[in-house]
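Here's the structure we're looking at; comments come further down.
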Amino acid sequence: MACETGQETNNSEVNLAYNVFKKSNWTTTSIGWRQKIPNTDALKWLKSFNQKLKAGGTINSAMVYAGSQSGYESNKIKDLAFYGNPNLVLKLSRSIDSSEQIGENDITYIQDTILFNGENLQPILSLLESKFDNFNIDDYDIDIFTNSKENEIYTIDFTYKIGDIYTDSSYTVFVNNGKVTHIANNFIPLNTEKLDTDFSDYMLKQDIAKSIGISKVKQHNNETCISNFESITPVSINNQKTKKYISLKENKKYIQVETEYSYMNSEDTAVEIYKYEL
């Protein structure tokens with residue numbers, strides 16, 4: 001589980017997940033990530049994924065459950081590459097105590113045959129419009145993640161935006177074998193009376209947010225090295241991106257800073273996300 005372990009390039013050796021699948025003579029089941037993923041999201045995704053597996057779910061249902069969760073810093077965690085058997089079950093049966101019950105209140109199972117071939121979104125848009133009165137495609141940023149071409153597994157994220165401001169409100173559609181199977185409803189109603197969309201100081205405070213983002217990266221790196229009883233390895237900042245972000249759940253606005261960095265004398269890279277509250 002690491003950044004770009006499922007990255008598709010002309011060199012199959014780079015795609016570690018596919019490489020493992022290939023070298024096993026197509027007998028293993030493996031997962032990698034096509035993009036750089038934040039550490040916090042990786043841990044949250046893995047916890048949900050393992051919970052579902054532990055409860056007796058298939059690999060595919062565990063991917064759906066992990067992908068349906070809200071609170072990710074970035075939806076890049078859903079851009080995974082999957083190879084092998086999506087119906088594989090690691091725990092055929094077990095008793096589950098009440099503390100381990102998995103809530104799926106926000107997941108809708110779709111019985112109707114809604115097809116998706118990786119391109120034509122119209123059947124899915126019609127489905128969302130029929131199920132959610134508040135859904136208007138013009139209000140959403142769309143990301144289509146191809147998890148498996150062979151098994152026609154897709155994850156489609158619809159992130160609610162207010163103009164150019166991103167929010168934590170979304171719908172996620174899951175496709176398996178070219179058919180829509182689930183919808184995760186993480187929509188958060190707008191409180192227009194308390195909603196503050198004024199980002200007039202965005203450009204002024206953007207550099208401050210970036211600087212704090214770099215400080216957070218260095219602090220986290222130092223703490224990790226000390227915790228592992230290792231000498232502190234300096235990091236090099238490769239790139240930073242910012243965007244306007246409102247948490248409708250918290251009713252707070254932020255400058256979200258994504259910092260990509262690498263370690264000195266190493267090709268390893270990592271990503272951390274910091275939210276600077278305005």
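A note on labels: chains of the structure tokens are A, B, ... as shown, every chain counts residues from 1, and ligands are counted from 1 in their shown order.
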Per residue of stretch 155-194 of chain A within 9 Å of stretch 125-138 of chain A, record the nearest atom pair and its distance in Å to one decimal, counting only C-alpha atoms, with rows in chain order and ascending residue number, as CSV.
```
residue,atom,partner,partner_atom,distance
A:Phe158,CA,A:Ile137,CA,8.4
A:Tyr171,CA,A:Leu128,CA,8.8
A:Ile183,CA,A:Leu128,CA,8.8
```
I'd like the contact shell of A:Lys149 - 10 Å cut-off, only C-alpha atoms, skipping same-chain residues fewer than 6 positions apart - returned as a PyMOL selection string.
chain A and resi 81-83+117-118+177-178
Restrict the calculation to only C-alpha atoms, then for each residue of stretch 169-234 of chain A with any atom at most 9 Å from an atom of stretch 249-265 of chain A give the closest atom pair and their distance in Å to one decimal, rows by chain and rising residue number, as a Markdown table.
```
| residue | atom | partner | partner_atom | distance |
| --- | --- | --- | --- | --- |
| A:Ser169 | CA | A:Lys249 | CA | 8.3 |
| A:Ile188 | CA | A:Lys249 | CA | 6.8 |
| A:Pro189 | CA | A:Lys249 | CA | 8.8 |
| A:Asn191 | CA | A:Asn251 | CA | 8.4 |
| A:Lys194 | CA | A:Asn251 | CA | 7.4 |
| A:Leu195 | CA | A:Asn251 | CA | 6.8 |
| A:Asp196 | CA | A:Lys253 | CA | 7.5 |
| A:Thr197 | CA | A:Lys253 | CA | 7.7 |
| A:Asp198 | CA | A:Lys253 | CA | 8.9 |
| A:Phe199 | CA | A:Lys253 | CA | 8.6 |
| A:Tyr202 | CA | A:Ile255 | CA | 7.3 |
| A:Lys205 | CA | A:Ile255 | CA | 8.3 |
| A:Gln206 | CA | A:Ile255 | CA | 7.1 |
| A:Ala209 | CA | A:Val257 | CA | 6.8 |
| A:Lys210 | CA | A:Val257 | CA | 6.3 |
| A:Gly213 | CA | A:Val257 | CA | 6.4 |
| A:Ile214 | CA | A:Thr259 | CA | 7.0 |
| A:Val217 | CA | A:Thr259 | CA | 7.7 |
| A:Thr233 | CA | A:Tyr263 | CA | 6.8 |
| A:Pro234 | CA | A:Met264 | CA | 5.8 |
```
Please provide as a ChimeraX atom specification all residues within 9 Å of stretch 60-77 of chain A, with the sequence filter that same-chain residues fewer than 2 positions apart are discarded (counting only C-alpha atoms).
/A:33-38,40-42,44-53,57-58,79-80,85-88,104,106-107,143,145,153,155,157,168-174,176,182-186,273-274
Could you find all residues in stretch 77-250 of chain A that DSSP calls strand (DSSP E or B) from the backbone, and write them as a ChimeraX atom specification?
/A:80-83,89,107-109,115,140-148,153-162,165-176,179-186,235-247
Excluding A:Asn19 and its own-chain neighbours fewer than 4 positions away, which residues fall within 12 Å of it when counting only C-alpha atoms? Please give them as a PyMOL selection string.
chain A and resi 5-9+11-15+23-32+81-84
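One distance worth recording is that between atom CA of A:Glu152 and atom CA of A:Val175, which is 7.2 Å.
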For A:Gly163: contacts at 8 Å, only C-alpha atoms, fewer than 2 positions along chain excluded, given as a PyMOL selection string:
chain A and resi 139+161+165
May I have the selected residues written with N, CA and C atoms, as an mmCIF file, in the first residue's frame?
```
data_model
loop_
_atom_site.group_PDB
_atom_site.id
_atom_site.type_symbol
_atom_site.label_atom_id
_atom_site.label_comp_id
_atom_site.auth_asym_id
_atom_site.auth_seq_id
_atom_site.Cartn_x
_atom_site.Cartn_y
_atom_site.Cartn_z
ATOM 1 N N ASP A 139 -23.746 21.214 -10.444
ATOM 2 C CA ASP A 139 -23.175 21.557 -9.145
ATOM 3 C C ASP A 139 -22.047 20.625 -8.717
ATOM 4 N N LYS A 161 -19.733 21.276 -5.433
ATOM 5 C CA LYS A 161 -18.951 22.505 -5.453
ATOM 6 C C LYS A 161 -19.875 23.713 -5.424
ATOM 7 N N ILE A 165 -15.400 26.461 -5.233
ATOM 8 C CA ILE A 165 -15.117 26.010 -3.869
ATOM 9 C C ILE A 165 -15.524 24.546 -3.713
#
```
Can you list, as a ChimeraX atom specification, all residues belonging to stretch 29-245 of chain A that DSSP tags as helix (DSSP H, G or I)?
/A:39-54,59-68,75-78,98-100,122-131,137-139,202-227
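As for atom CA of A:Cys3 and atom CA of A:Leu16, they are spaced 10.5 Å apart.
Between atom CA of A:Ile114 and atom CA of A:Val180 lies a distance of 5.5 Å.
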